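What's in my_file-v6.txt: compact mmCIF, C-alpha atoms and all ligand atoms
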```txt
# COMPACT_ATOMS: atom_id res chain seq x y z
CA MET H 1 4.51 8.75 18.12
CA SER H 2 5.34 9.71 14.56
CA PRO H 3 3.79 7.57 11.80
CA THR H 4 7.20 6.02 11.13
CA ALA H 5 7.95 5.03 14.74
CA ALA H 6 7.72 1.41 15.88
CA ALA H 7 4.26 -0.05 16.38
CA ASP H 8 3.38 -3.68 16.88
CA ARG H 9 -0.27 -3.46 15.88
CA LEU H 10 -1.70 -2.14 12.63
CA VAL H 11 -5.41 -1.28 12.50
CA ILE H 12 -7.43 0.04 9.54
CA VAL H 13 -10.99 1.31 10.11
CA THR H 14 -13.36 2.58 7.41
CA GLY H 15 -16.20 4.99 8.18
CA ALA H 16 -14.46 6.47 11.22
CA SER H 17 -15.60 10.09 11.02
CA ARG H 18 -18.67 9.52 13.22
CA GLY H 19 -20.99 6.91 14.71
CA LEU H 20 -19.76 3.43 15.53
CA GLY H 21 -16.64 3.75 13.36
CA HIS H 22 -15.44 6.81 15.27
CA ALA H 23 -15.99 5.04 18.59
CA LEU H 24 -14.13 1.99 17.27
CA ALA H 25 -11.21 4.08 16.06
CA GLN H 26 -11.01 5.81 19.43
CA ALA H 27 -11.12 2.52 21.34
CA LEU H 28 -8.48 0.95 19.08
CA LEU H 29 -6.00 3.84 19.22
CA LEU H 30 -3.87 2.40 22.02
CA PRO H 31 -0.13 2.66 22.71
CA GLY H 32 1.77 0.51 20.19
CA THR H 33 -0.91 0.92 17.52
CA ARG H 34 -0.62 2.42 14.08
CA LEU H 35 -4.15 3.37 12.99
CA LEU H 36 -5.34 4.27 9.48
CA THR H 37 -8.87 5.65 9.13
CA MET H 38 -10.88 6.32 5.97
CA SER H 39 -14.06 8.38 5.58
CA ARG H 40 -15.13 11.40 3.55
CA GLY H 41 -15.21 13.62 6.63
CA PRO H 42 -12.27 13.91 9.03
CA CYS H 43 -11.74 11.39 11.83
CA GLU H 44 -10.66 13.56 14.72
CA LEU H 45 -9.18 11.73 17.70
CA PRO H 46 -7.28 12.94 20.76
CA PRO H 47 -3.59 12.01 20.43
CA VAL H 48 -2.45 8.94 22.38
CA ALA H 49 1.17 8.59 23.54
CA GLY H 50 2.88 5.72 21.73
CA ALA H 51 0.21 5.49 19.03
CA ALA H 52 0.06 6.93 15.50
CA HIS H 53 -3.06 7.94 13.60
CA GLU H 54 -3.23 8.65 9.87
CA ASP H 55 -6.55 9.76 8.37
CA TRP H 56 -7.49 9.54 4.70
CA GLN H 57 -10.46 11.67 3.61
CA VAL H 58 -11.70 9.49 0.77
CA ASP H 59 -14.92 8.38 -0.90
CA LEU H 60 -15.48 4.63 -0.46
CA ALA H 61 -17.92 4.76 -3.37
CA GLU H 62 -14.75 4.92 -5.52
CA PRO H 63 -13.09 1.81 -4.12
CA LEU H 64 -10.80 0.84 -7.00
CA PRO H 65 -8.27 3.71 -6.76
CA LEU H 66 -8.56 3.56 -2.98
CA SER H 67 -7.71 -0.15 -2.92
CA GLU H 68 -4.68 0.48 -5.11
CA ARG H 69 -3.64 3.27 -2.75
CA LEU H 70 -4.07 0.97 0.25
CA ALA H 71 -1.97 -1.76 -1.38
CA ALA H 72 0.85 0.70 -2.13
CA TRP H 73 0.68 2.06 1.43
CA LEU H 74 0.84 -1.43 2.95
CA HIS H 75 3.77 -2.38 0.71
CA GLY H 76 5.66 0.59 2.16
CA LEU H 77 5.26 -0.61 5.76
CA PRO H 78 7.65 -2.84 7.72
CA GLY H 79 5.18 -5.76 7.74
CA ALA H 80 7.40 -8.10 9.76
CA ARG H 81 7.12 -5.74 12.71
CA PHE H 82 3.39 -6.12 13.32
CA ARG H 83 2.23 -8.84 15.69
CA SER H 84 -1.39 -8.16 14.75
CA VAL H 85 -2.98 -6.58 11.70
CA TRP H 86 -6.69 -5.77 11.68
CA PHE H 87 -8.85 -4.46 8.85
CA VAL H 88 -12.31 -3.28 9.92
CA HIS H 89 -14.84 -2.35 7.25
CA ASN H 90 -17.42 -0.39 9.21
CA ALA H 91 -18.57 2.25 6.69
CA ALA H 92 -22.03 1.83 5.24
CA ALA H 93 -24.43 3.92 3.21
CA LEU H 94 -28.18 3.72 3.65
CA SER H 95 -30.12 4.81 0.58
CA THR H 96 -33.43 6.66 1.08
CA PRO H 97 -35.73 4.26 2.96
CA ALA H 98 -38.35 3.43 0.32
CA ALA H 99 -39.24 0.75 -2.21
CA LEU H 100 -36.32 0.01 -4.54
CA ALA H 101 -38.11 1.41 -7.58
CA GLU H 102 -38.54 4.76 -5.79
CA VAL H 103 -34.89 5.25 -4.83
CA PRO H 104 -32.65 7.32 -7.14
CA LEU H 105 -30.35 5.02 -9.11
CA LEU H 106 -27.25 6.97 -8.10
CA GLU H 107 -28.02 6.40 -4.41
CA LEU H 108 -28.44 2.66 -5.03
CA ALA H 109 -25.16 2.50 -6.91
CA ARG H 110 -23.33 4.37 -4.16
CA ALA H 111 -24.77 2.15 -1.41
CA ALA H 112 -23.75 -0.99 -3.29
CA ARG H 113 -20.24 0.34 -3.77
CA VAL H 114 -19.68 1.49 -0.18
CA ASN H 115 -21.33 -1.53 1.44
CA LEU H 116 -20.08 -4.33 -0.80
CA GLU H 117 -17.69 -3.34 -3.59
CA ALA H 118 -15.44 -1.43 -1.16
CA PRO H 119 -14.97 -4.28 1.34
CA LEU H 120 -14.46 -6.74 -1.53
CA LEU H 121 -11.71 -4.70 -3.20
CA LEU H 122 -10.11 -3.38 0.00
CA SER H 123 -10.01 -6.91 1.45
CA ALA H 124 -8.37 -8.22 -1.72
CA ALA H 125 -5.75 -5.46 -1.62
CA PHE H 126 -5.20 -5.99 2.11
CA LEU H 127 -4.82 -9.77 1.82
CA ARG H 128 -2.49 -9.54 -1.19
CA ALA H 129 -0.26 -6.90 0.37
CA THR H 130 0.00 -8.67 3.74
CA ALA H 131 0.33 -12.23 2.36
CA GLY H 132 3.91 -12.64 3.54
CA TRP H 133 3.42 -10.97 6.91
CA SER H 134 3.80 -13.22 9.95
CA GLY H 135 1.52 -11.38 12.40
CA ARG H 136 -2.02 -12.44 13.18
CA LYS H 137 -4.36 -11.04 10.53
CA GLN H 138 -8.04 -10.35 11.16
CA LEU H 139 -10.73 -8.99 8.87
CA LEU H 140 -13.90 -7.63 10.43
CA PHE H 141 -16.96 -6.57 8.44
CA ILE H 142 -19.64 -4.70 10.35
CA SER H 143 -22.85 -6.32 9.18
CA SER H 144 -26.45 -5.88 10.28
CA GLY H 145 -29.46 -7.87 11.39
CA LEU H 146 -30.99 -6.60 8.13
CA GLY H 147 -28.54 -8.77 6.22
CA ARG H 148 -30.19 -11.74 7.87
CA THR H 149 -33.85 -10.60 8.05
CA ALA H 150 -35.41 -8.81 5.09
CA MET H 151 -37.19 -5.46 5.47
CA ALA H 152 -39.28 -3.65 2.86
CA GLY H 153 -37.90 -0.21 2.09
CA ALA H 154 -34.29 -1.23 2.73
CA ALA H 155 -33.56 -3.59 -0.17
CA SER H 156 -30.13 -2.21 -1.08
CA TYR H 157 -29.02 -2.27 2.54
CA CYS H 158 -30.43 -5.79 3.15
CA ALA H 159 -28.83 -7.14 -0.03
CA THR H 160 -25.41 -5.62 0.54
CA LYS H 161 -25.30 -6.73 4.19
CA ALA H 162 -26.31 -10.28 3.17
CA GLY H 163 -23.55 -10.02 0.57
CA ILE H 164 -20.92 -9.03 3.10
CA ASP H 165 -21.93 -11.97 5.30
CA HIS H 166 -21.44 -14.36 2.41
CA LEU H 167 -18.18 -12.65 1.45
CA ALA H 168 -16.98 -13.43 4.98
CA ARG H 169 -18.02 -17.09 4.70
CA ALA H 170 -16.19 -17.57 1.40
CA LEU H 171 -13.11 -15.60 2.47
CA ALA H 172 -12.88 -17.56 5.72
CA LEU H 173 -12.71 -20.78 3.68
CA GLU H 174 -10.04 -19.35 1.38
CA GLU H 175 -7.93 -17.93 4.19
CA ALA H 176 -8.13 -21.15 6.23
CA ALA H 177 -6.32 -22.86 3.36
CA ARG H 178 -3.49 -20.32 3.20
CA PRO H 179 -0.38 -20.23 5.39
CA ASN H 180 -1.06 -17.72 8.18
CA GLY H 181 -4.37 -16.84 6.53
CA ALA H 182 -6.57 -14.10 7.93
CA ARG H 183 -9.42 -14.82 10.33
CA VAL H 184 -12.64 -13.34 8.94
CA VAL H 185 -15.86 -12.32 10.68
CA SER H 186 -18.97 -10.44 9.55
CA LEU H 187 -20.46 -9.17 12.79
CA ALA H 188 -23.89 -7.65 13.44
CA PRO H 189 -23.50 -4.91 16.08
CA GLY H 190 -27.08 -4.42 17.36
CA VAL H 191 -28.96 -1.14 17.29
CA ILE H 192 -26.86 1.96 17.92
CA ASP H 193 -27.66 5.61 18.52
CA THR H 194 -26.06 7.08 15.38
CA ASP H 195 -26.92 9.16 12.32
CA MET H 196 -28.07 6.01 10.54
CA GLN H 197 -30.90 5.62 13.08
CA VAL H 198 -31.73 9.32 12.66
CA GLN H 199 -32.03 8.68 8.91
CA LEU H 200 -34.38 5.71 9.50
CA ARG H 201 -36.58 7.65 11.96
CA GLY H 202 -36.64 10.61 9.60
CA ALA H 203 -37.91 8.57 6.66
CA ASP H 204 -41.21 9.34 4.96
CA PRO H 205 -43.77 7.11 6.77
CA ALA H 206 -45.74 6.76 3.53
CA ALA H 207 -42.68 5.32 1.79
CA PHE H 208 -41.21 3.29 4.67
CA ALA H 209 -43.68 1.22 6.69
CA ALA H 210 -41.02 0.05 9.16
CA ARG H 211 -40.22 3.62 10.24
CA SER H 212 -42.32 3.25 13.42
CA ARG H 213 -40.10 0.37 14.59
CA PHE H 214 -37.12 2.68 14.61
CA VAL H 215 -39.09 5.44 16.35
CA ASP H 216 -40.10 2.89 19.01
CA LEU H 217 -36.50 1.72 19.50
CA HIS H 218 -35.46 5.32 20.11
CA GLN H 219 -38.38 6.23 22.36
CA GLY H 220 -37.98 2.97 24.29
CA GLY H 221 -34.34 3.81 25.05
CA GLN H 222 -33.17 0.65 23.29
CA LEU H 223 -30.42 2.22 21.21
CA LEU H 224 -26.94 1.53 22.56
CA SER H 225 -24.22 4.17 22.62
CA PRO H 226 -21.51 3.87 19.95
CA ALA H 227 -18.88 3.67 22.73
CA ALA H 228 -20.63 0.73 24.44
CA VAL H 229 -20.93 -1.22 21.18
CA ALA H 230 -17.36 -0.37 20.19
CA ALA H 231 -16.12 -1.77 23.53
CA LYS H 232 -17.93 -5.06 22.85
CA ILE H 233 -16.53 -5.25 19.33
CA VAL H 234 -12.98 -4.55 20.50
CA ALA H 235 -13.35 -7.35 23.05
CA TYR H 236 -14.62 -9.60 20.25
CA LEU H 237 -11.60 -8.73 18.09
CA GLY H 238 -9.34 -9.68 20.97
CA ARG H 239 -10.77 -13.16 21.42
CA GLU H 240 -8.40 -16.08 20.90
CA SER H 241 -11.25 -17.86 19.07
CA TYR H 242 -11.82 -14.90 16.70
CA GLY H 243 -12.92 -16.25 13.30
CA ALA H 244 -14.38 -19.52 14.56
CA SER H 245 -17.78 -18.34 13.24
CA PRO H 246 -17.46 -16.18 10.11
CA VAL H 247 -20.98 -14.76 10.57
CA ALA H 248 -21.83 -13.68 14.09
CA ASP H 249 -23.74 -11.20 16.24
CA VAL H 250 -21.92 -9.29 18.96
CA ARG H 251 -25.06 -9.51 21.12
CA ASP H 252 -24.53 -13.27 21.35
CA SER H 253 -21.06 -12.80 22.87
CA ALA H 254 -20.56 -12.70 26.61
N1 LIG R 1 -26.74 2.31 13.75
C1 LIG R 1 -27.32 1.10 13.83
O1 LIG R 1 -28.32 0.89 14.53
C2 LIG R 1 -26.72 -0.05 13.07
C3 LIG R 1 -27.38 -1.28 13.15
C4 LIG R 1 -26.84 -2.36 12.47
C5 LIG R 1 -25.66 -2.21 11.76
N2 LIG R 1 -25.06 -0.99 11.70
C6 LIG R 1 -23.81 -0.90 10.93
O2 LIG R 1 -22.81 -0.30 11.73
C7 LIG R 1 -21.88 0.39 10.89
C8 LIG R 1 -21.71 1.82 11.38
O3 LIG R 1 -23.00 2.45 11.23
P1 LIG R 1 -23.34 3.84 11.93
O4 LIG R 1 -24.67 3.66 12.53
O5 LIG R 1 -22.20 4.32 12.76
O6 LIG R 1 -23.49 4.73 10.62
P2 LIG R 1 -23.34 6.30 10.40
O7 LIG R 1 -23.52 7.03 11.66
O8 LIG R 1 -24.22 6.61 9.25
O9 LIG R 1 -21.79 6.44 9.95
C9 LIG R 1 -21.39 5.88 8.73
C10 LIG R 1 -19.89 6.05 8.56
O10 LIG R 1 -19.59 5.55 7.23
C11 LIG R 1 -18.91 6.57 6.52
N3 LIG R 1 -19.27 6.57 5.11
C12 LIG R 1 -20.52 6.52 4.56
N4 LIG R 1 -20.44 6.66 3.23
C13 LIG R 1 -19.12 6.79 2.93
C14 LIG R 1 -18.39 7.00 1.74
N5 LIG R 1 -19.00 7.10 0.54
N6 LIG R 1 -17.04 7.10 1.80
C15 LIG R 1 -16.40 7.03 2.98
N7 LIG R 1 -17.03 6.83 4.15
C16 LIG R 1 -18.38 6.72 4.12
C17 LIG R 1 -19.36 7.88 7.16
O11 LIG R 1 -18.37 8.86 6.99
P3 LIG R 1 -18.50 10.14 6.01
O12 LIG R 1 -19.95 10.50 5.89
O13 LIG R 1 -17.65 11.17 6.69
O14 LIG R 1 -17.91 9.68 4.72
C18 LIG R 1 -19.46 7.49 8.63
O15 LIG R 1 -18.19 7.60 9.23
C19 LIG R 1 -22.44 0.28 9.47
O16 LIG R 1 -21.82 -0.78 8.79
C20 LIG R 1 -23.90 -0.03 9.69
O17 LIG R 1 -24.46 -0.72 8.60
C21 LIG R 1 -25.56 0.09 12.33
```
Please lay out the structure from this file as structure tokens.
Amino acid sequence: MSPTAAADRLVIVTGASRGLGHALAQALLLPGTRLLTMSRGPCELPPVAGAAHEDWQVDLAEPLPLSERLAAWLHGLPGARFRSVWFVHNAAALSTPAALAEVPLLELARAARVNLEAPLLLSAAFLRATAGWSGRKQLLFISSGLGRTAMAGAASYCATKAGIDHLARALALEEAARPNGARVVSLAPGVIDTDMQVQLRGADPAAFAARSRFVDLHQGGQLLSPAAVAAKIVAYLGRESYGASPVADVRDSA
């Protein structure tokens, strides 16, 4: 399907070049879907008949121009055509696992921008541009257990994930008061066998006391495959009750 052909579902996924985001993008690229992905690296997916995929190679640590670009792109779409419109912020940056004072400032700034400033601005642009659309709108933020339980050596990650949870709570209240408002969920996905876990296991044990927990998860075979977690998240997105709890954990779903 060409990008201009009819589609009845619009899906946007950030951080889709690898890991969970790539598995999500693959699972969501179904016939009748128009998919937009955003990462620095390419999101390569096998073509699907009746679906269209557009990939933007962009840096989410520069979210202001990207949000303006997203708004302009959405304004150019035939919004009335989409029965469902989903925005999934999955991208995240983990700064070097170590005490905050030991982490380079640039890394901290980039993590804060990718993990929190980007979903804040992209959500605002998305909600503004789709305000008059009649389809069912859903926002999904991929959160983490570390947004709900603190861990030394991961302060920027813990803080930004807690921030995205609270962004979801506040947005859910705002959207519930708007005509055809979006349903909003910040969802913890569980532990997944991706580059992020490689980064945690590869940390300096002298700087990151929790490193052994991540080594144990890996050695104990407790990491789930990105495809298995993506399948659970796609099922969660498809629930009629989606948005009933703005902060949730996919492991609690059936
Ligand atoms: N893995 C786990 O065990 C685990 C546990 C709890 C929560 N999570 C959450 O699950 C989500 C996916 O994590 P993952 O494990 O799949 O991570 P990952 O393997 O590190 O992948 C991260 C994705 O985010 C993108 N990204 C990072 N920085 C970016 C930037 N500046 N601009 C654009 N894209 C950027 C990366 O693409 P590029 O590098 O190509 O830009 C990549 O596609 C994250 O929100 C993470 O916090 C993961």
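Between ligand LIG 1 (chain R) and the residues H:Asn180, H:Gln26, H:Ser123, H:Asn90, the shortest atom-to-atom distance, using all atoms listed in the file, involves H:Asn90.
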Report the closest atom pair, with its distance in Å rounded to one decimal, for each residue of segment 110-199 of chain H that has an atom no farther than 7 Å from segment 233-252 of chain H; count all atoms listed in the file, sort by chain and then rising residue number, and write it as JSON lines.
```
{"residue": "H:Asp165", "atom": "CA", "partner": "H:Val247", "partner_atom": "CA", "distance": 6.0}
{"residue": "H:Ala168", "atom": "CA", "partner": "H:Pro246", "partner_atom": "CA", "distance": 5.8}
{"residue": "H:Arg169", "atom": "CA", "partner": "H:Pro246", "partner_atom": "CA", "distance": 5.5}
{"residue": "H:Ala172", "atom": "CA", "partner": "H:Pro246", "partner_atom": "CA", "distance": 6.5}
{"residue": "H:Arg183", "atom": "CA", "partner": "H:Gly243", "partner_atom": "CA", "distance": 4.8}
{"residue": "H:Val184", "atom": "CA", "partner": "H:Gly243", "partner_atom": "CA", "distance": 5.2}
{"residue": "H:Val185", "atom": "CA", "partner": "H:Pro246", "partner_atom": "CA", "distance": 4.2}
{"residue": "H:Ser186", "atom": "CA", "partner": "H:Val247", "partner_atom": "CA", "distance": 4.9}
{"residue": "H:Leu187", "atom": "CA", "partner": "H:Ala248", "partner_atom": "CA", "distance": 4.9}
{"residue": "H:Ala188", "atom": "CA", "partner": "H:Asp249", "partner_atom": "CA", "distance": 4.5}
{"residue": "H:Pro189", "atom": "CA", "partner": "H:Val250", "partner_atom": "CA", "distance": 5.5}
{"residue": "H:Gly190", "atom": "CA", "partner": "H:Arg251", "partner_atom": "CA", "distance": 6.6}
```
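Across H:Leu122, H:Ala150, H:Ala231, H:Leu10, the tightest approach to Glu68 of chain H is made by H:Leu122 when counting all atoms listed in the file.
The smallest atom-to-atom distance between Leu29 of chain H and any of H:Pro119, H:Pro46, H:Pro205, H:Gly15, using only C-alpha atoms, is found for H:Pro46.
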Need the shell around Ile12 of chain H: protein/DNA/RNA residues with any atom at most 7 Å away, counting all atoms listed in the file. Skip same-chain ones fewer than 4 positions apart. Format as a PyMOL selection string? chain H and resi 35-37+86-88
Find the axis-aligned box for ligand LIG 1 (chain R), covering all its listed atoms and adding 6 Å on each side, and write its centre and edge lengths in Å to one decimal as AutoDock Vina command-line options.
```
--center_x -22.4 --center_y 4.4 --center_z 7.5 --size_x 23.9 --size_y 25.5 --size_z 26.0
```
As a ChimeraX atom specification, please: every protein or nucleic acid residue near ligand LIG 1 (chain R) (cut-off 7 Å, counting only C-alpha atoms and all ligand atoms). /H:14-22,38-42,58-61,90-93,110,114,142-145,188-197
Which distance in Å separates atom CA of Leu24 of chain H and atom CA of Leu74 of chain H, to one decimal? 21.0 Å
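Nearest to Pro78 of chain H of all the residues H:Leu173, H:Leu224, H:Ala7, H:Val103 is H:Ala7, counting only C-alpha atoms.
Note that atom CA of Ala206 of chain H and atom CA of Leu94 of chain H are 17.8 Å apart.
Here atom CA of Glu54 of chain H is placed at a distance of 12.3 Å from atom CA of Leu70 of chain H.
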Would you mind telling me which residue in H:Ala125, H:Ala98, H:Arg178, H:Phe141 lies nearest to Ala210 of chain H when using only C-alpha atoms? H:Ala98
Residues near Arg201 of chain H, cut-off 10 Å, only C-alpha atoms, skip fewer than 3 positions along chain, as a VMD selection string: chain H and resid 97 195 to 198 204 to 205 208 210 to 218
Serialized selection, C-alpha atoms, as a PDB file, in the coordinates of the input:
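Output saved as result_23.pdb:
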```
ATOM      1  CA  PRO H  97     -35.730   4.260   2.960  1.00  0.00           C
ATOM      2  CA  ASP H 195     -26.920   9.160  12.320  1.00  0.00           C
ATOM      3  CA  MET H 196     -28.070   6.010  10.540  1.00  0.00           C
ATOM      4  CA  GLN H 197     -30.900   5.620  13.080  1.00  0.00           C
ATOM      5  CA  VAL H 198     -31.730   9.320  12.660  1.00  0.00           C
ATOM      6  CA  ASP H 204     -41.210   9.340   4.960  1.00  0.00           C
ATOM      7  CA  PRO H 205     -43.770   7.110   6.770  1.00  0.00           C
ATOM      8  CA  PHE H 208     -41.210   3.290   4.670  1.00  0.00           C
ATOM      9  CA  ALA H 210     -41.020   0.050   9.160  1.00  0.00           C
ATOM     10  CA  ARG H 211     -40.220   3.620  10.240  1.00  0.00           C
ATOM     11  CA  SER H 212     -42.320   3.250  13.420  1.00  0.00           C
ATOM     12  CA  ARG H 213     -40.100   0.370  14.590  1.00  0.00           C
ATOM     13  CA  PHE H 214     -37.120   2.680  14.610  1.00  0.00           C
ATOM     14  CA  VAL H 215     -39.090   5.440  16.350  1.00  0.00           C
ATOM     15  CA  ASP H 216     -40.100   2.890  19.010  1.00  0.00           C
ATOM     16  CA  LEU H 217     -36.500   1.720  19.500  1.00  0.00           C
ATOM     17  CA  HIS H 218     -35.460   5.320  20.110  1.00  0.00           C
TER      18      HIS H 218
END
```
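Among H:Ala154, H:Leu200, H:Leu167, H:Val11, the residue with the shortest atom-to-atom distance to Ala118 of chain H, counting all atoms listed in the file, is H:Leu167.
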